[in-house]
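Some notes on the structure that comes next.
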Amino acid sequence: MKFFIDTANLDQIKEAQDLGILDGVTTNPSLMAKEGITGKQNILDHYKKICNIVDGDVSAEVIATDYKGMVNEGKELSSLHKQIVVKVPMIKEGIKATRYFSNNGIRTNVTLVFSAGQALLAAKAGANYVSPFIGRLDDISTDGLGLISEIRLIYDNYGFTTEILAASIRHTMHIIDCSKIGADVITAPLKSILGLLKHPLTDIGLENFLKDYKKGN
Ligand code: E4P
């Protein structure tokens, strides 16, 4: 299972990379804006900075919503760095662009996926990753994890190689549940990843070990 961090914050990306468990980064226009990164050139420069920190895939989202615009933008983004994966919205023009990218050796992540049908289309178009947004589904009383299970079943039925990238993760239990279902990748905020570390018995156990060690020294 791959671990991606879902942020454009360079300090958090470095912290996750230093942990030695990071396989990639996902960003989106909102995450860029949150870090105060605005304007095309600044955004492109920021992608390069992220690629220089991590070893794995870095998703960079297109802004265009028409086929031609997406293709041009995707080509520009992918030429920035070999680690860039072009993030394409799950719309009709996006599926056409995904097919173009797939035919031309440009890797893609189809984003804003909220149904099994959308995930099926993304796989048919040759997407490398599909991003179902589980937290946003949970937010509207719909079973986000259930969607991951459905996509897993469909992809396994036909041997689709598109990787299921569980996105919009809100907490540590989402990560654990996704790993049980068999999501290929999770992308999560640093806080949710670090939450996996925590157990009070670990802290108490360590405290006691250190106390006992000191007794004999
Ligand atoms: C990542 O690819 C998505 O853009 C992100 O996980 C969305 O998360 P949110 O629902 O917390 O904004």
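Letters A, B, ... mark the chains of the structure tokens in the order given; residue numbers begin at 1 per chain; ligand numbers begin at 1, in order shown.
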Could you list, as a VMD selection string, all protein and nucleic acid residues with an atom at most 7 Å from ligand 1, counting only C-alpha atoms and all ligand atoms? chain A and resid 6 26 to 28 111 131 133 135 to 136 167 to 170 187 to 188
Generate a file of the selected residues that holds C-alpha atoms, formatted as a tab-separated table (two decimals), in the first residue's frame.
chain	number	residue	atom	x	y	z
A	6	ASP	CA	-2.29	15.37	0.70
A	26	THR	CA	-1.23	14.92	-4.04
A	27	THR	CA	-2.14	18.56	-4.39
A	28	ASN	CA	-5.13	20.43	-5.74
A	111	THR	CA	-9.91	13.17	-9.54
A	131	SER	CA	-9.20	9.27	-6.72
A	133	PHE	CA	-13.15	11.24	-2.31
A	135	GLY	CA	-14.49	12.06	3.28
A	136	ARG	CA	-16.67	14.27	1.10
A	167	ALA	CA	-8.57	10.62	-1.22
A	168	SER	CA	-10.34	13.11	1.03
A	169	ILE	CA	-9.20	11.14	4.06
A	170	ARG	CA	-10.36	12.72	7.29
A	187	THR	CA	-3.50	10.21	0.36
A	188	ALA	CA	-3.93	11.83	3.75
Leu19 (chain A): which residues within 12 Å, counting only C-alpha atoms, same-chain residues fewer than 3 positions away excluded, as a ChimeraX atom specification? /A:3,5,12-16,22-23,54,190,193-194,197
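Minimum atom-to-atom distance to Phe160 (chain A), evaluated using only C-alpha atoms, belongs to A:Ala122 out of A:Arg107, A:Ile181, A:Gln17, A:Ala122.
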Members of region 29-212 of chain A assigned helix (DSSP H, G or I) by DSSP, as number ranges by chain: A: 29-34, 40-53, 67-80, 92-103, 116-124, 134-139, 144-158, 172-181, 190-195, 200-212
7 Å contact set for Leu147 (chain A), only C-alpha atoms, chain neighbours under 3 positions out, as a count of residues only: 6
Env of Met70 (chain A): 8 Å cut, atoms = only C-alpha atoms, seq-sep filter 6 positions within chain, self excluded. Answer as a PyMOL selection string. chain A and resi 62-64+88+94+97
List the neighbours of Lys40 (chain A) out to 12 Å using only C-alpha atoms; skip same-chain residues closer than 3 positions along the sequence, and give me the result as a list in words. Pro29, Met32, Ala33, Ile37, Ile43, Leu44, Asp45, His46, Tyr47, Glu61, Val62, Ile63, Glu73, Glu76 and Leu77 of chain A
Output file for the selection above: all heavy atoms, as a compact mmCIF listing (two decimals), in the first residue's frame:
# COMPACT_ATOMS: atom_id res chain seq x y z
N PRO A 29 -5.88 22.66 -6.46
CA PRO A 29 -5.82 24.12 -6.45
C PRO A 29 -6.13 24.72 -5.07
O PRO A 29 -5.56 25.74 -4.67
CB PRO A 29 -6.87 24.53 -7.49
CG PRO A 29 -6.90 23.36 -8.44
CD PRO A 29 -6.72 22.15 -7.57
N MET A 32 -3.04 24.41 -2.83
CA MET A 32 -2.03 25.40 -3.26
C MET A 32 -2.40 26.77 -2.67
O MET A 32 -1.57 27.47 -2.10
CB MET A 32 -1.98 25.50 -4.79
CG MET A 32 -1.23 24.37 -5.43
SD MET A 32 0.56 24.58 -5.18
CE MET A 32 1.18 23.21 -6.14
N ALA A 33 -3.68 27.13 -2.84
CA ALA A 33 -4.14 28.45 -2.36
C ALA A 33 -3.96 28.56 -0.85
O ALA A 33 -3.59 29.62 -0.33
CB ALA A 33 -5.60 28.65 -2.74
N ILE A 37 0.15 29.92 -2.52
CA ILE A 37 0.81 29.78 -3.82
C ILE A 37 -0.22 30.10 -4.91
O ILE A 37 -1.13 29.31 -5.15
CB ILE A 37 1.35 28.33 -4.05
CG1 ILE A 37 2.08 27.80 -2.82
CG2 ILE A 37 2.21 28.26 -5.31
CD1 ILE A 37 3.33 28.52 -2.45
N ILE A 43 2.99 28.44 -9.12
CA ILE A 43 2.46 27.08 -8.94
C ILE A 43 3.39 26.06 -9.59
O ILE A 43 3.75 25.04 -8.98
CB ILE A 43 1.01 26.98 -9.47
CG1 ILE A 43 0.07 27.80 -8.56
CG2 ILE A 43 0.54 25.54 -9.56
CD1 ILE A 43 -1.36 27.94 -9.04
N LEU A 44 3.85 26.36 -10.82
CA LEU A 44 4.76 25.43 -11.51
C LEU A 44 6.06 25.28 -10.71
O LEU A 44 6.58 24.17 -10.54
CB LEU A 44 5.07 25.92 -12.93
CG LEU A 44 3.88 25.97 -13.90
CD1 LEU A 44 4.33 26.42 -15.29
CD2 LEU A 44 3.15 24.64 -14.00
N ASP A 45 6.57 26.40 -10.20
CA ASP A 45 7.81 26.36 -9.40
C ASP A 45 7.61 25.52 -8.14
O ASP A 45 8.50 24.78 -7.71
CB ASP A 45 8.25 27.78 -8.98
CG ASP A 45 8.75 28.57 -10.18
OD1 ASP A 45 9.02 27.96 -11.23
OD2 ASP A 45 8.86 29.82 -10.06
N HIS A 46 6.42 25.65 -7.56
CA HIS A 46 6.13 24.91 -6.32
C HIS A 46 6.11 23.40 -6.61
O HIS A 46 6.61 22.62 -5.80
CB HIS A 46 4.80 25.38 -5.73
CG HIS A 46 4.67 25.11 -4.26
ND1 HIS A 46 5.36 25.81 -3.30
CD2 HIS A 46 3.94 24.18 -3.59
CE1 HIS A 46 5.06 25.33 -2.11
NE2 HIS A 46 4.20 24.34 -2.24
N TYR A 47 5.54 22.99 -7.73
CA TYR A 47 5.56 21.56 -8.09
C TYR A 47 7.00 21.05 -8.17
O TYR A 47 7.29 19.95 -7.72
CB TYR A 47 4.87 21.32 -9.44
CG TYR A 47 3.36 21.42 -9.39
CD1 TYR A 47 2.65 22.06 -10.40
CD2 TYR A 47 2.63 20.83 -8.36
CE1 TYR A 47 1.26 22.15 -10.37
CE2 TYR A 47 1.25 20.92 -8.32
CZ TYR A 47 0.58 21.58 -9.32
OH TYR A 47 -0.79 21.66 -9.28
N GLU A 61 -2.64 19.27 -10.73
CA GLU A 61 -3.98 19.32 -11.34
C GLU A 61 -4.09 20.34 -12.46
O GLU A 61 -3.61 21.48 -12.33
CB GLU A 61 -5.02 19.63 -10.22
CG GLU A 61 -6.44 19.47 -10.67
CD GLU A 61 -7.38 19.15 -9.51
OE1 GLU A 61 -6.92 18.76 -8.42
OE2 GLU A 61 -8.60 19.29 -9.70
N VAL A 62 -4.77 19.95 -13.54
CA VAL A 62 -5.04 20.91 -14.62
C VAL A 62 -6.18 21.83 -14.20
O VAL A 62 -7.04 21.45 -13.40
CB VAL A 62 -5.42 20.21 -15.96
CG1 VAL A 62 -4.28 19.36 -16.49
CG2 VAL A 62 -6.69 19.38 -15.82
N ILE A 63 -6.17 23.05 -14.75
CA ILE A 63 -7.21 24.03 -14.44
C ILE A 63 -8.23 24.08 -15.58
O ILE A 63 -9.40 24.35 -15.37
CB ILE A 63 -6.59 25.42 -14.21
CG1 ILE A 63 -5.55 25.36 -13.08
CG2 ILE A 63 -7.65 26.47 -13.90
CD1 ILE A 63 -6.09 24.86 -11.75
N GLU A 73 -2.22 21.81 -21.06
CA GLU A 73 -1.76 22.00 -19.68
C GLU A 73 -1.07 20.74 -19.14
O GLU A 73 -0.04 20.81 -18.48
CB GLU A 73 -2.98 22.32 -18.81
CG GLU A 73 -2.78 23.52 -17.92
CD GLU A 73 -3.99 23.69 -17.03
OE1 GLU A 73 -5.11 23.93 -17.56
OE2 GLU A 73 -3.82 23.57 -15.82
N GLU A 76 2.40 20.40 -20.43
CA GLU A 76 3.31 21.35 -19.76
C GLU A 76 3.66 20.84 -18.36
O GLU A 76 4.82 20.84 -17.95
CB GLU A 76 2.64 22.72 -19.68
CG GLU A 76 3.59 23.80 -19.17
CD GLU A 76 2.95 25.19 -19.15
OE1 GLU A 76 1.72 25.30 -19.35
OE2 GLU A 76 3.69 26.16 -18.90
N LEU A 77 2.63 20.37 -17.63
CA LEU A 77 2.87 19.88 -16.26
C LEU A 77 3.79 18.66 -16.28
O LEU A 77 4.74 18.59 -15.50
CB LEU A 77 1.54 19.51 -15.59
CG LEU A 77 0.64 20.68 -15.18
CD1 LEU A 77 -0.75 20.18 -14.78
CD2 LEU A 77 1.26 21.47 -14.02
Between A:Ile140, A:Val58, A:Ala125, A:Cys51, which has the minimum distance to Thr162 (chain A) (counting only C-alpha atoms)?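 Distance minimum relative to Thr162 (chain A) lands on A:Ala125.
Rounded to one decimal, CA of Leu206 (chain A) and CA of Lys180 (chain A) lie 28.5 Å from each other.
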Given only C-alpha atoms as the basis, pick out the residue of A:Phe101, A:Phe114, A:Tyr213, A:Phe4 nearest to Gly126 (chain A).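 That would be A:Phe101, the residue with the smallest distance to Gly126 (chain A).
The two atoms in question, CA of Met90 (chain A) and CA of Tyr67 (chain A), are spaced 12.1 Å apart.
Relative to CA of Ala123 (chain A), CA of Leu165 (chain A) is found at 12.4 Å.
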Return as a list in words the full set of residues in region 89-169 of chain A whose backbone-based DSSP assignment is strand (DSSP E).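 So the strand (DSSP E) residues in region 89-169 of chain A would be Pro89, Thr108, Asn109, Val110, Thr111, Leu112, Val113, Tyr129, Val130, Ser131, Pro132, Glu163, Ile164, Leu165 and Ala166 of chain A.
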Write out the residues from the selection above, keeping N, CA and C atoms, as a compact mmCIF listing (two decimals), in the first residue's frame.
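Saved to part.txt:
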# COMPACT_ATOMS: atom_id res chain seq x y z
N PRO A 89 -9.88 16.27 -13.92
CA PRO A 89 -11.20 16.11 -13.31
C PRO A 89 -12.08 15.10 -14.04
N THR A 108 -1.65 9.75 -15.42
CA THR A 108 -2.81 10.54 -14.96
C THR A 108 -3.39 10.03 -13.64
N ASN A 109 -4.05 10.96 -12.97
CA ASN A 109 -4.82 10.68 -11.77
C ASN A 109 -6.19 11.32 -11.99
N VAL A 110 -7.22 10.52 -12.18
CA VAL A 110 -8.56 11.08 -12.40
C VAL A 110 -9.18 11.40 -11.04
N THR A 111 -9.51 12.67 -10.86
CA THR A 111 -9.91 13.17 -9.54
C THR A 111 -11.39 13.55 -9.50
N LEU A 112 -11.87 13.81 -8.29
CA LEU A 112 -13.28 14.17 -8.06
C LEU A 112 -14.19 13.00 -8.47
N VAL A 113 -13.81 11.80 -8.02
CA VAL A 113 -14.59 10.60 -8.32
C VAL A 113 -15.49 10.27 -7.13
N TYR A 129 -4.15 6.39 -11.92
CA TYR A 129 -4.78 6.44 -10.59
C TYR A 129 -6.20 6.94 -10.74
N VAL A 130 -7.07 6.48 -9.83
CA VAL A 130 -8.41 7.05 -9.71
C VAL A 130 -8.57 7.50 -8.26
N SER A 131 -9.10 8.72 -8.08
CA SER A 131 -9.20 9.27 -6.72
C SER A 131 -10.64 9.40 -6.25
N PRO A 132 -11.18 8.38 -5.57
CA PRO A 132 -12.48 8.52 -4.92
C PRO A 132 -12.33 9.35 -3.64
N GLU A 163 -4.72 2.29 -10.35
CA GLU A 163 -4.58 2.17 -8.89
C GLU A 163 -5.65 3.00 -8.18
N ILE A 164 -6.27 2.40 -7.17
CA ILE A 164 -7.28 3.11 -6.38
C ILE A 164 -6.57 3.95 -5.33
N LEU A 165 -6.71 5.27 -5.49
CA LEU A 165 -6.04 6.23 -4.60
C LEU A 165 -7.12 6.86 -3.70
N ALA A 166 -7.30 6.32 -2.51
CA ALA A 166 -8.35 6.82 -1.62
C ALA A 166 -7.97 8.23 -1.16
